[in-house]
Each structure stands twice: as C-alpha cells, then as structure tokens.
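All remarks here apply to the structure that follows.
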Amino acid sequence: MQVAIYIYKDDVRYRLELFQDENISITSSIQNVNDISKVFTDYSQSFTVPATPNNNKIFAHWYENSIDDGFNANKRYDAEIEINHTPFRKGRIELKSANRDKGNITHYSLVFYGSLKSLTDKFGEDKLINLTNLNDLIPFTYNATNVVNSVVNSNTLDIAFPLISSEKSWQYGGGVDDVSTSGSSIDYTELFPAVRVRKIFEAIEDKYGISFVGNFLTDKRFTELFLYAKNSEAFTFNSNILDLDLTSTTGTIAPNFDVDLINNSVQFFGYGGNINRVEFDFSVTTSLPDTISKLHIYENGVLNRIVETTGTNKISIIYYDLSTPETQTPTTFTFKLESNGVVTASSFGIYVIEDDTPNPDLIYDATVNTSGLASSILPIVSLLPDMKITDFFSGILKMFNLTAYSENENVYNIEPLEDWYNAGKIRDITKYVNLDGEITRAPFYKVMNFQYEKSESLINRAFADTFQREFGDLKYTFDVESDGDEYTIKLPFENLMHQKFSGTKLHVGYCLKLDLKPYVPKPILLYKYGNISTDVNFYLEGSARTSYNAFGQDIEKITDEFHTLNWGLENSTLLNGVVENTLFSDYYLSYLSNIYNRKSRIIKIEGVADTYLMSVLKLNDRVVIRDKRYVINNIQTELNTGKINLELLTDFREI
C-alpha cells in the first residue's frame, strides 16, 4: 500500500519522504477493558524517516543546534496519514531524535499521536484561572440585589450563589446563627458563586479555537451542572484591573499649559520656569466602608507605584521635577483601578503647581469624569479552583463515562460511551480475518470502587463516622471469583453533602470543618435542582425569603426520573428518598454488564484489510465475524501491508 504522511508547519502542508522498506504501525483504542477509567487515542510505534534534503528542510536540520528559530522539537505538529490517497488518520507528530552515522545524519525518529492527544497539547499546563475570557462570556454585576435575585428567583443565570456557608454554622428555629430570624440574616457577601460547567466548556472552546459537539452537551444532566467557585476560606470581591476613562473632561484647561488627555493618558510637556510639580487627586465612592481601592500609576508605560485607600476617600499623589525642555519627550501617565468592592463613582483631578513660593498657587485644575468605571463585574475566573484544565476536562469525561474523539480538525465529539457505541455501524469483517487466535476471559475485578475526593465538610465527616464510608461513593462487588486487585475510579472532585433543616424545605451546605473553621475544598460539582418554594421564611440580606434555588447532588426529573451525582444509592438530602439513577447505573452499568456476562470473551486475531476497510472502520463499530458480534478493544494496523491485529470483546448489547 502507498502510505503518505503530511506534517503542517506554519500552516503549510509538507509531505515527508519515507523509507521504502520500513513498516509503520498505528494502534487505536478509545475505550479499553483493561483500564476503563481512561479515554485512549491513536498512537504509533516510533518510526523513522530518511534524512533526505526534503526532510532536512522540513525539520530545519534540527540536529544542528546552532540554527536559530529552527524546528521546535518541544512541540507536536499537526499531521495527516493517507493510504492509497485515502484519508486514514489525523493527529500530531513529535520529533524524538536524529541519528548520525560516520559523520552524516541518516534518519529522524518520529511518533504519531491521535487527535485527543492534540487536545491535551493545546491545554498544556494551563489552569482554570487562565480562562480569562470566561469573565466576558458571563458578566455578572456583583451587588446585593443581583446576588439575592440569583438565589431566590427562578432563573437561567450562568452564575449562581448556592446556599453554602463558609462562615457560620447556620441553624433554623434556634441557636446562635438562626437564619429564621432577621438578626442572623445571611449576608450576600458570605456566599461564593458557582458557574455553569457548559460555560466553562465554551470558554475552553473560545480560548483554544476548538469546538465540542455531541447530544450530551445539551442534556439537562450536563447543562444544569455547576462548578463551585471557591479557592479561599472567605469570599473577597476583587474587581478586574480596569483602565480609568480619561476622555471626558469637565472644568477649564488653562490655555497656557500643554496638557493632552488622549488615549486615556495624561501628557505633560516641558513647561520651563518654576513649574515642576504635578498632583493627582483620585476620589472614590463606594457603598461599603471597608472597600479597598488601588490606583495603579504608570509613568511612560512602566508601573511607578500602587496607592490604595479604604472606603470613600481621596488619594493625593505628588510628583516632582517634571520641568523639561520643550524638545524632550513628554512624561506620559496612565492609570488603572482595582478594588475588592463595588466602586459606584469616582473623580480625577489634575493639578500643576508652581513651586517657587512657600505657598504654591494652584494654576491648573481639571476634573476627569470616570463615573462610568465598571469595577462591579464579578471576576469569576479569579475564584475558580486551582485546577489544571486537563484535569477538569478528564474528570468530566470520567464522571459521565464519556468518549472524546475527533474526525475533523479542532472539532471534538463528546458522547457517553453507550451512546457512542449505538452510533456505530455493524460491519461484517469475516473475509478479512483469520479465525485462529487467542481466546481469553475479560479482566474481571471482584470489587470496583467509584470514589470522590474526601470532603472535610462537617456533614460529610459525620456521615463517614456513622456509616464507615464516604457519602456518594460506591463499592460494587461482582459475582465472580477473581484473584485480581480491586479497581478504583476516582474523580478529582469533592462531593459536598448538604442537609435539610428539620420540618422545612430549606436545603443548605457547609464548607466548614468539624471545628467550625472554614476550609478550601477540592473542586465541587453541583446540580442546580431548580426553584423551591419554602414553607417557612429564611432571612437573606435582611429580608424574609420564601423561595430559593436548591443545589446539591440531585436534578429535577428528566422524563419522570430523578438523576444524581452520587455513585451509589443514597437517601437524597433534598428529596428525602433514594435516587436510583446514579452515575454508576446511568453511565457504567451497561458497559460493565457486557464485560461481566458469563459468555463474554476477548479474542485476539489477525487479518489483512484493504484500503476501504482501513478508511471506514471506526472504533465504535460493532464487527461481525461469522455469527458473533464484537466491539473493538483495540486495533493495530500496519500501514504498508494492511495487516491488522484485533483485540475484540464479545458484544451482547441490544441493537
């Protein structure tokens, strides 16, 4: 077969020259019974290409490290493989090494990776806090009115404020922090926000120039999933650092001074004489007396100083020795503001003072209108958990047993495993394979553990002390005799247990430890259940409230059934009953039931595929060999010869 490998460098497509006698082998797998917690992708064995003039040009003579701006072997490059002019795989190529023999470079060693690897390459070491575009996707004006409305009113907001305490041990009907009384009203600044996970996915798409597609992404079990944005013990509002708008000027500019307010900057030219002092007065107005505002002052583009004030105050900053000859470059000042509270209005005064007498005269006075300064937008990204995007993404895949694959550049399909299999075709490959081969049993585990990260919440710890297990986890025992080890699937998230106050419909959580001290949790995922009318009042921001949006493990009915984020069967703290549609039953049970079927077998066989089969066979296709049907565990393809090695698992699913 004729194999062609193309590599993209600086958006230009180059064809690599290959050895005539070297075979290139690609191993493909997405879901593998030997490690069901992982999503796999295509990879190749290391292969070599000759150091021809063409390949040397593509790799920019990488073996010679004196070349500046040459081929970057620290990254992977987009690549395509064709067989007999038919597309076979898209992925990425990595340069591993070059070989020198008798003074001459003879070949380069390469590895080909599938599309999912290219996705993790894009993420790199980035963390959720690097998704700065999320602030623009879901702007939320942070104030008491908006926070209260998000809590008590039915809405579809992408930022919510779950009733989770990180300060007080809320009580109802008695006690020190009795939220049924106005004196112990919940303050809106006590509440941390939560952000819709779908919006985080959109921010990932936007930042890395990719698209996620799949029916599951519009399923309520995904769209109503929220990530709790808490990375500190106490909530502190910190605005983005914003430019002061200096374009609207009030007052009269003295005609004998050359002061320009352009591009949000102040320029002072050489005045001569005794004018060598400039003073900036910045006034800030806020409704919260403890608000800290910081003024960042840049001189000729370099940060000169940061000056702060608390509450409603004026900052005066004085600069000296600004008198310069007319021919010299003017001094340019720009200003930025940040705050940990809502700045509702501010003003900016500029004074140029003649400092040749004991009592200098104010000879220039202008007020710059900055009332449009919008420092009240909640910077949600700065509150997100300290977590790599790769870990967050793979954690979501693992939670819902999702597959991720790509058939088009930068477009990634995401589907639950069983939906992915159901979308595959039935292909009879009997004529391509030799029926001789090894037949083994599946790698049974007698016990499988499905776990979250341990929670330090006082409710979770009380549950664990009582039942000797973590809330929401599952230890599933199969009816097999096996000497194998236990197998554990563990999510990088914490499962925060809630409580409902006795005799009420009020459902709350606590990020408080047993000693009632706050803690920073592992990343927490929550379902937004929906708006609930309470049969009793609770006080929020000084007023009695009769409804709220409930958060926790459970979601409102989908086609007459509740679903939960718990792995195993638990009595719902919100619904006061057992929710049977768990993560395990919804996303893992069907797949594992097929593996643990008494008739289940793994067969390893060989064959020879033609160009058509190699180009159309997908990993979610069910293959038929004589009268039996299988799913593909993995397939190894020798590109030059068409030889295939298949590892197949018997398939007893309904079609």
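Labels used: A, B, ... for chains in the order of the structure tokens, numbers from 1 for residues in each chain, and numbers from 1 for ligands as shown.
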
Inset, instruction - May I have the residues within 12 Å of A:Glu308 as a ChimeraX atom specification, using only C-alpha atoms and disregarding those fewer than 4 positions away in the same chain? - result: /A:282-284,291-297,312-317,336-340

Inset, instruction - Taking the chain letters and numbering used in this document, name the residues of stretch 44-120 of chain A that DSSP puts in strand (DSSP E or B), as a ChimeraX atom specification. - result: /A:44,47-50,77-83,86-101,104-114

Inset, instruction - In Å, rounded to a single decimal, give me how far atom CA of A:Ala194 is from atom CA of A:Asp158. - result: 8.2 Å

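When only C-alpha atoms are used to compute distances to A:Pro330, the closest of the residues A:Ser265, A:Thr390, A:Gln31, A:Ser600 turns out to be A:Ser265.
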
Inset, instruction - Find the spatial neighbours of stretch 448-453 of chain A, counting only C-alpha atoms, within a cut-off of 6 Å - ignore same-chain residues fewer than 5 positions away - and output them as a ChimeraX atom specification. - result: /A:473-476,486-491,493-494

Write a file of the just-selected residues containing N, CA and C atoms, as a compact mmCIF listing (two decimals), in the first residue's frame.
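Generated output (part21.txt):
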# COMPACT_ATOMS: atom_id res chain seq x y z
N ASP A 473 -20.00 7.61 47.53
CA ASP A 473 -19.10 6.63 46.93
C ASP A 473 -19.78 5.27 46.80
N LEU A 474 -19.19 4.41 45.99
CA LEU A 474 -19.77 3.09 45.75
C LEU A 474 -18.67 2.04 45.73
N LYS A 475 -18.88 0.98 46.45
CA LYS A 475 -18.03 -0.20 46.39
C LYS A 475 -18.88 -1.32 45.82
N TYR A 476 -18.64 -1.64 44.56
CA TYR A 476 -19.50 -2.58 43.83
C TYR A 476 -18.81 -3.94 43.75
N GLU A 486 -8.47 -4.95 43.45
CA GLU A 486 -9.61 -4.07 43.32
C GLU A 486 -9.28 -2.96 42.31
N TYR A 487 -10.32 -2.49 41.66
CA TYR A 487 -10.13 -1.43 40.66
C TYR A 487 -10.86 -0.18 41.14
N THR A 488 -10.22 0.98 41.03
CA THR A 488 -10.79 2.21 41.56
C THR A 488 -10.86 3.28 40.48
N ILE A 489 -12.02 3.87 40.35
CA ILE A 489 -12.21 5.06 39.52
C ILE A 489 -12.47 6.22 40.48
N LYS A 490 -11.58 7.21 40.47
CA LYS A 490 -11.68 8.31 41.43
C LYS A 490 -11.74 9.63 40.69
N LEU A 491 -12.73 10.42 41.01
CA LEU A 491 -12.90 11.73 40.39
C LEU A 491 -12.08 12.78 41.13
N PHE A 493 -12.96 15.54 42.09
CA PHE A 493 -13.93 16.47 42.67
C PHE A 493 -14.35 16.00 44.05
N GLU A 494 -14.85 16.95 44.81
CA GLU A 494 -15.38 16.67 46.15
C GLU A 494 -16.90 16.62 46.08

Just the residues within 12 Å of A:Asn549, please, counting only C-alpha atoms, with nothing from its chain fewer than 4 positions along; format it as a PDB file with N, CA, C and O atoms, in the first residue's frame.
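Saved result, out-v5.pdb, follows:
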ATOM      1  N   VAL A 147     -27.256  39.403  43.642  1.00  0.00           N
ATOM      2  CA  VAL A 147     -26.981  38.137  44.323  1.00  0.00           C
ATOM      3  C   VAL A 147     -28.267  37.572  44.914  1.00  0.00           C
ATOM      4  O   VAL A 147     -28.575  36.382  44.755  1.00  0.00           O
ATOM      5  N   VAL A 148     -29.045  38.412  45.585  1.00  0.00           N
ATOM      6  CA  VAL A 148     -30.303  37.946  46.180  1.00  0.00           C
ATOM      7  C   VAL A 148     -31.248  37.423  45.099  1.00  0.00           C
ATOM      8  O   VAL A 148     -31.864  36.366  45.254  1.00  0.00           O
ATOM      9  N   ASN A 149     -31.368  38.149  43.994  1.00  0.00           N
ATOM     10  CA  ASN A 149     -32.245  37.691  42.908  1.00  0.00           C
ATOM     11  C   ASN A 149     -31.799  36.349  42.354  1.00  0.00           C
ATOM     12  O   ASN A 149     -32.629  35.503  41.999  1.00  0.00           O
ATOM     13  N   SER A 150     -30.491  36.133  42.258  1.00  0.00           N
ATOM     14  CA  SER A 150     -29.999  34.857  41.740  1.00  0.00           C
ATOM     15  C   SER A 150     -30.315  33.708  42.687  1.00  0.00           C
ATOM     16  O   SER A 150     -30.479  32.570  42.266  1.00  0.00           O
ATOM     17  N   VAL A 151     -30.423  34.018  43.987  1.00  0.00           N
ATOM     18  CA  VAL A 151     -30.717  32.979  44.974  1.00  0.00           C
ATOM     19  C   VAL A 151     -32.199  32.662  45.025  1.00  0.00           C
ATOM     20  O   VAL A 151     -32.599  31.492  45.032  1.00  0.00           O
ATOM     21  N   VAL A 152     -33.054  33.675  45.038  1.00  0.00           N
ATOM     22  CA  VAL A 152     -34.471  33.453  45.362  1.00  0.00           C
ATOM     23  C   VAL A 152     -35.379  33.338  44.155  1.00  0.00           C
ATOM     24  O   VAL A 152     -36.478  32.761  44.261  1.00  0.00           O
ATOM     25  N   ASN A 153     -34.985  33.860  42.997  1.00  0.00           N
ATOM     26  CA  ASN A 153     -35.874  33.863  41.837  1.00  0.00           C
ATOM     27  C   ASN A 153     -35.522  32.740  40.868  1.00  0.00           C
ATOM     28  O   ASN A 153     -34.350  32.437  40.651  1.00  0.00           O
ATOM     29  N   SER A 154     -36.542  32.156  40.259  1.00  0.00           N
ATOM     30  CA  SER A 154     -36.305  31.161  39.220  1.00  0.00           C
ATOM     31  C   SER A 154     -35.607  31.843  38.051  1.00  0.00           C
ATOM     32  O   SER A 154     -36.040  32.891  37.572  1.00  0.00           O
ATOM     33  N   ASN A 155     -34.502  31.270  37.570  1.00  0.00           N
ATOM     34  CA  ASN A 155     -33.736  31.923  36.518  1.00  0.00           C
ATOM     35  C   ASN A 155     -32.877  30.909  35.784  1.00  0.00           C
ATOM     36  O   ASN A 155     -32.773  29.750  36.184  1.00  0.00           O
ATOM     37  N   THR A 156     -32.281  31.370  34.711  1.00  0.00           N
ATOM     38  CA  THR A 156     -31.359  30.535  33.923  1.00  0.00           C
ATOM     39  C   THR A 156     -29.975  31.162  33.899  1.00  0.00           C
ATOM     40  O   THR A 156     -29.227  31.002  32.935  1.00  0.00           O
ATOM     41  N   LEU A 157     -29.628  31.882  34.954  1.00  0.00           N
ATOM     42  CA  LEU A 157     -28.328  32.539  35.026  1.00  0.00           C
ATOM     43  C   LEU A 157     -27.198  31.514  34.985  1.00  0.00           C
ATOM     44  O   LEU A 157     -27.326  30.404  35.493  1.00  0.00           O
ATOM     45  N   ALA A 160     -24.505  31.430  39.713  1.00  0.00           N
ATOM     46  CA  ALA A 160     -25.477  31.249  40.784  1.00  0.00           C
ATOM     47  C   ALA A 160     -24.758  31.343  42.123  1.00  0.00           C
ATOM     48  O   ALA A 160     -23.522  31.280  42.189  1.00  0.00           O
ATOM     49  N   PHE A 161     -25.530  31.465  43.184  1.00  0.00           N
ATOM     50  CA  PHE A 161     -24.965  31.550  44.530  1.00  0.00           C
ATOM     51  C   PHE A 161     -25.659  30.514  45.423  1.00  0.00           C
ATOM     52  O   PHE A 161     -26.688  30.801  46.034  1.00  0.00           O
ATOM     53  N   PRO A 162     -25.126  29.293  45.464  1.00  0.00           N
ATOM     54  CA  PRO A 162     -25.729  28.242  46.293  1.00  0.00           C
ATOM     55  C   PRO A 162     -25.700  28.624  47.769  1.00  0.00           C
ATOM     56  O   PRO A 162     -24.801  29.345  48.228  1.00  0.00           O
ATOM     57  N   LEU A 163     -26.670  28.130  48.509  1.00  0.00           N
ATOM     58  CA  LEU A 163     -26.720  28.367  49.953  1.00  0.00           C
ATOM     59  C   LEU A 163     -25.742  27.419  50.643  1.00  0.00           C
ATOM     60  O   LEU A 163     -26.107  26.385  51.193  1.00  0.00           O
ATOM     61  N   ILE A 164     -24.471  27.801  50.562  1.00  0.00           N
ATOM     62  CA  ILE A 164     -23.385  27.050  51.200  1.00  0.00           C
ATOM     63  C   ILE A 164     -22.619  28.028  52.075  1.00  0.00           C
ATOM     64  O   ILE A 164     -22.147  29.062  51.598  1.00  0.00           O
ATOM     65  N   GLU A 224     -27.220  21.566  33.556  1.00  0.00           N
ATOM     66  CA  GLU A 224     -27.531  22.061  34.897  1.00  0.00           C
ATOM     67  C   GLU A 224     -26.424  21.741  35.903  1.00  0.00           C
ATOM     68  O   GLU A 224     -26.624  21.835  37.114  1.00  0.00           O
ATOM     69  N   LYS A 505     -38.212  23.002  53.990  1.00  0.00           N
ATOM     70  CA  LYS A 505     -37.723  22.641  52.664  1.00  0.00           C
ATOM     71  C   LYS A 505     -36.398  23.343  52.356  1.00  0.00           C
ATOM     72  O   LYS A 505     -35.959  23.362  51.205  1.00  0.00           O
ATOM     73  N   LEU A 506     -35.781  23.906  53.383  1.00  0.00           N
ATOM     74  CA  LEU A 506     -34.552  24.675  53.185  1.00  0.00           C
ATOM     75  C   LEU A 506     -33.338  23.743  53.224  1.00  0.00           C
ATOM     76  O   LEU A 506     -33.056  23.104  54.230  1.00  0.00           O
ATOM     77  N   HIS A 507     -32.598  23.694  52.117  1.00  0.00           N
ATOM     78  CA  HIS A 507     -31.516  22.739  51.878  1.00  0.00           C
ATOM     79  C   HIS A 507     -30.208  23.516  51.746  1.00  0.00           C
ATOM     80  O   HIS A 507     -30.055  24.348  50.844  1.00  0.00           O
ATOM     81  N   VAL A 508     -29.248  23.280  52.643  1.00  0.00           N
ATOM     82  CA  VAL A 508     -28.016  24.073  52.671  1.00  0.00           C
ATOM     83  C   VAL A 508     -26.802  23.167  52.812  1.00  0.00           C
ATOM     84  O   VAL A 508     -26.910  21.997  53.169  1.00  0.00           O
ATOM     85  N   TYR A 527     -25.424  19.971  41.115  1.00  0.00           N
ATOM     86  CA  TYR A 527     -26.568  20.133  40.233  1.00  0.00           C
ATOM     87  C   TYR A 527     -27.439  21.275  40.750  1.00  0.00           C
ATOM     88  O   TYR A 527     -27.671  21.404  41.957  1.00  0.00           O
ATOM     89  N   LYS A 528     -27.908  22.092  39.825  1.00  0.00           N
ATOM     90  CA  LYS A 528     -28.949  23.054  40.166  1.00  0.00           C
ATOM     91  C   LYS A 528     -30.283  22.341  40.011  1.00  0.00           C
ATOM     92  O   LYS A 528     -30.718  22.039  38.896  1.00  0.00           O
ATOM     93  N   TYR A 529     -30.930  22.093  41.138  1.00  0.00           N
ATOM     94  CA  TYR A 529     -32.188  21.353  41.104  1.00  0.00           C
ATOM     95  C   TYR A 529     -33.304  22.207  40.522  1.00  0.00           C
ATOM     96  O   TYR A 529     -34.105  21.747  39.717  1.00  0.00           O
ATOM     97  N   GLY A 530     -33.365  23.452  40.918  1.00  0.00           N
ATOM     98  CA  GLY A 530     -34.442  24.328  40.486  1.00  0.00           C
ATOM     99  C   GLY A 530     -34.960  25.141  41.657  1.00  0.00           C
ATOM    100  O   GLY A 530     -34.472  25.043  42.779  1.00  0.00           O
ATOM    101  N   ASN A 531     -35.972  25.953  41.391  1.00  0.00           N
ATOM    102  CA  ASN A 531     -36.504  26.851  42.398  1.00  0.00           C
ATOM    103  C   ASN A 531     -37.535  26.139  43.266  1.00  0.00           C
ATOM    104  O   ASN A 531     -38.430  25.471  42.759  1.00  0.00           O
ATOM    105  N   ILE A 532     -37.399  26.293  44.569  1.00  0.00           N
ATOM    106  CA  ILE A 532     -38.282  25.643  45.540  1.00  0.00           C
ATOM    107  C   ILE A 532     -38.933  26.709  46.405  1.00  0.00           C
ATOM    108  O   ILE A 532     -38.261  27.616  46.911  1.00  0.00           O
ATOM    109  N   SER A 533     -40.243  26.598  46.563  1.00  0.00           N
ATOM    110  CA  SER A 533     -40.959  27.475  47.487  1.00  0.00           C
ATOM    111  C   SER A 533     -40.859  26.897  48.880  1.00  0.00           C
ATOM    112  O   SER A 533     -41.209  25.733  49.109  1.00  0.00           O
ATOM    113  N   THR A 534     -40.364  27.692  49.811  1.00  0.00           N
ATOM    114  CA  THR A 534     -40.206  27.208  51.178  1.00  0.00           C
ATOM    115  C   THR A 534     -41.509  27.372  51.945  1.00  0.00           C
ATOM    116  O   THR A 534     -42.280  28.302  51.703  1.00  0.00           O
ATOM    117  N   ARG A 545     -37.345  35.550  53.063  1.00  0.00           N
ATOM    118  CA  ARG A 545     -37.451  34.977  51.716  1.00  0.00           C
ATOM    119  C   ARG A 545     -38.299  33.714  51.767  1.00  0.00           C
ATOM    120  O   ARG A 545     -38.266  32.963  52.753  1.00  0.00           O
ATOM    121  N   ILE A 555     -30.991  16.348  40.485  1.00  0.00           N
ATOM    122  CA  ILE A 555     -31.547  17.219  39.462  1.00  0.00           C
ATOM    123  C   ILE A 555     -33.023  16.903  39.298  1.00  0.00           C
ATOM    124  O   ILE A 555     -33.465  15.768  39.539  1.00  0.00           O
ATOM    125  N   GLU A 556     -33.787  17.916  38.895  1.00  0.00           N
ATOM    126  CA  GLU A 556     -35.214  17.717  38.679  1.00  0.00           C
ATOM    127  C   GLU A 556     -35.459  16.603  37.667  1.00  0.00           C
ATOM    128  O   GLU A 556     -34.592  16.260  36.865  1.00  0.00           O
ATOM    129  N   LEU A 574     -32.063  16.191  49.694  1.00  0.00           N
ATOM    130  CA  LEU A 574     -33.036  17.163  49.208  1.00  0.00           C
ATOM    131  C   LEU A 574     -34.421  16.545  49.031  1.00  0.00           C
ATOM    132  O   LEU A 574     -35.426  17.139  49.413  1.00  0.00           O
TER     133      LEU A 574
END

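Coordinates place atom CA of A:His85 at a distance of 7.9 Å from atom CA of A:Val3.
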
Inset, instruction - For stretch 135-146 of chain A, please output as a VMD selection string all residues within 9 Å (counting only C-alpha atoms; exclusion window: fewer than 2 positions along the same chain). - result: chain A and resid 131 to 133 148 to 151 157 to 159 187 to 189 195 199 202 to 203 237 341 to 342 374 to 381 541

Write a file of the just-selected residues containing C-alpha atoms, as a PDB file, in the first residue's frame.
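The result, stored in result19.pdb:
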ATOM      1  CA  LEU A 131      -9.707  31.074  31.124  1.00  0.00           C
ATOM      2  CA  THR A 132      -9.855  34.853  31.469  1.00  0.00           C
ATOM      3  CA  ASN A 133     -12.355  35.052  28.599  1.00  0.00           C
ATOM      4  CA  VAL A 148     -30.303  37.946  46.180  1.00  0.00           C
ATOM      5  CA  ASN A 149     -32.245  37.691  42.908  1.00  0.00           C
ATOM      6  CA  SER A 150     -29.999  34.857  41.740  1.00  0.00           C
ATOM      7  CA  VAL A 151     -30.717  32.979  44.974  1.00  0.00           C
ATOM      8  CA  LEU A 157     -28.328  32.539  35.026  1.00  0.00           C
ATOM      9  CA  ASP A 158     -24.911  31.048  34.336  1.00  0.00           C
ATOM     10  CA  ILE A 159     -23.610  32.344  37.668  1.00  0.00           C
ATOM     11  CA  ASP A 187     -25.288  38.346  54.239  1.00  0.00           C
ATOM     12  CA  TYR A 188     -24.890  38.201  50.467  1.00  0.00           C
ATOM     13  CA  THR A 189     -21.110  38.615  50.844  1.00  0.00           C
ATOM     14  CA  VAL A 195     -20.548  28.791  37.376  1.00  0.00           C
ATOM     15  CA  LYS A 199     -19.960  27.964  30.040  1.00  0.00           C
ATOM     16  CA  GLU A 202     -17.485  27.418  25.925  1.00  0.00           C
ATOM     17  CA  ALA A 203     -14.589  29.400  27.375  1.00  0.00           C
ATOM     18  CA  PHE A 237     -14.646  40.607  45.844  1.00  0.00           C
ATOM     19  CA  GLY A 341     -15.781  46.111  46.449  1.00  0.00           C
ATOM     20  CA  VAL A 342     -18.184  47.911  44.180  1.00  0.00           C
ATOM     21  CA  ALA A 374     -17.355  49.400  35.832  1.00  0.00           C
ATOM     22  CA  SER A 375     -15.433  47.698  38.605  1.00  0.00           C
ATOM     23  CA  SER A 376     -18.510  45.856  39.892  1.00  0.00           C
ATOM     24  CA  ILE A 377     -18.334  42.991  37.384  1.00  0.00           C
ATOM     25  CA  LEU A 378     -17.671  39.758  39.243  1.00  0.00           C
ATOM     26  CA  PRO A 379     -14.261  38.371  38.153  1.00  0.00           C
ATOM     27  CA  ILE A 380     -15.476  34.779  38.312  1.00  0.00           C
ATOM     28  CA  VAL A 381     -12.235  33.366  36.899  1.00  0.00           C
ATOM     29  CA  GLU A 541     -29.746  40.265  53.228  1.00  0.00           C
TER      30      GLU A 541
END

Legend entry - Residue with smallest distance to A:Leu575 - pool A:Gln553, A:Asn413, A:Thr546, A:Ser169, counting only C-alpha atoms: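 Once distances to A:Leu575 are computed over only C-alpha atoms, the minimum belongs to A:Gln553.
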
Inset, instruction - Excluding A:Ile414 and residues on its chain fewer than 6 positions from it, collect all residues at most 7 Å away from it, counting only C-alpha atoms, and give them as a list in words. - result: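 Here the answer would be Phe212, Val213, Gly214, Leu402, Thr403, Ala404 and Tyr405 of chain A.
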
Compile the contact shell of A:Met387 as an mmCIF file with C-alpha atoms, in the first residue's frame: residues with an atom at most 9 Å away, counting only C-alpha atoms, same-chain residues fewer than 5 positions apart removed.
data_model
loop_
_atom_site.group_PDB
_atom_site.id
_atom_site.type_symbol
_atom_site.label_atom_id
_atom_site.label_comp_id
_atom_site.auth_asym_id
_atom_site.auth_seq_id
_atom_site.Cartn_x
_atom_site.Cartn_y
_atom_site.Cartn_z
ATOM 1 C CA ASP A 126 -2.981 25.927 31.774
ATOM 2 C CA LYS A 127 -5.318 26.123 34.748
ATOM 3 C CA LEU A 128 -8.946 27.150 35.019
ATOM 4 C CA ILE A 129 -7.831 30.608 36.152
ATOM 5 C CA PHE A 392 -11.009 19.282 34.871
ATOM 6 C CA PRO A 523 -13.284 21.349 43.257
#

Legend entry - Atomic distance atom CA of A:Ala98 - atom CA of A:Trp62, expressed in Å with one decimal: 7.9 Å

Legend entry - Using only C-alpha atoms: which of A:Ala544, A:Leu526, A:Ala423, A:Leu589 has the shortest distance to A:Lys618: A:Ala423
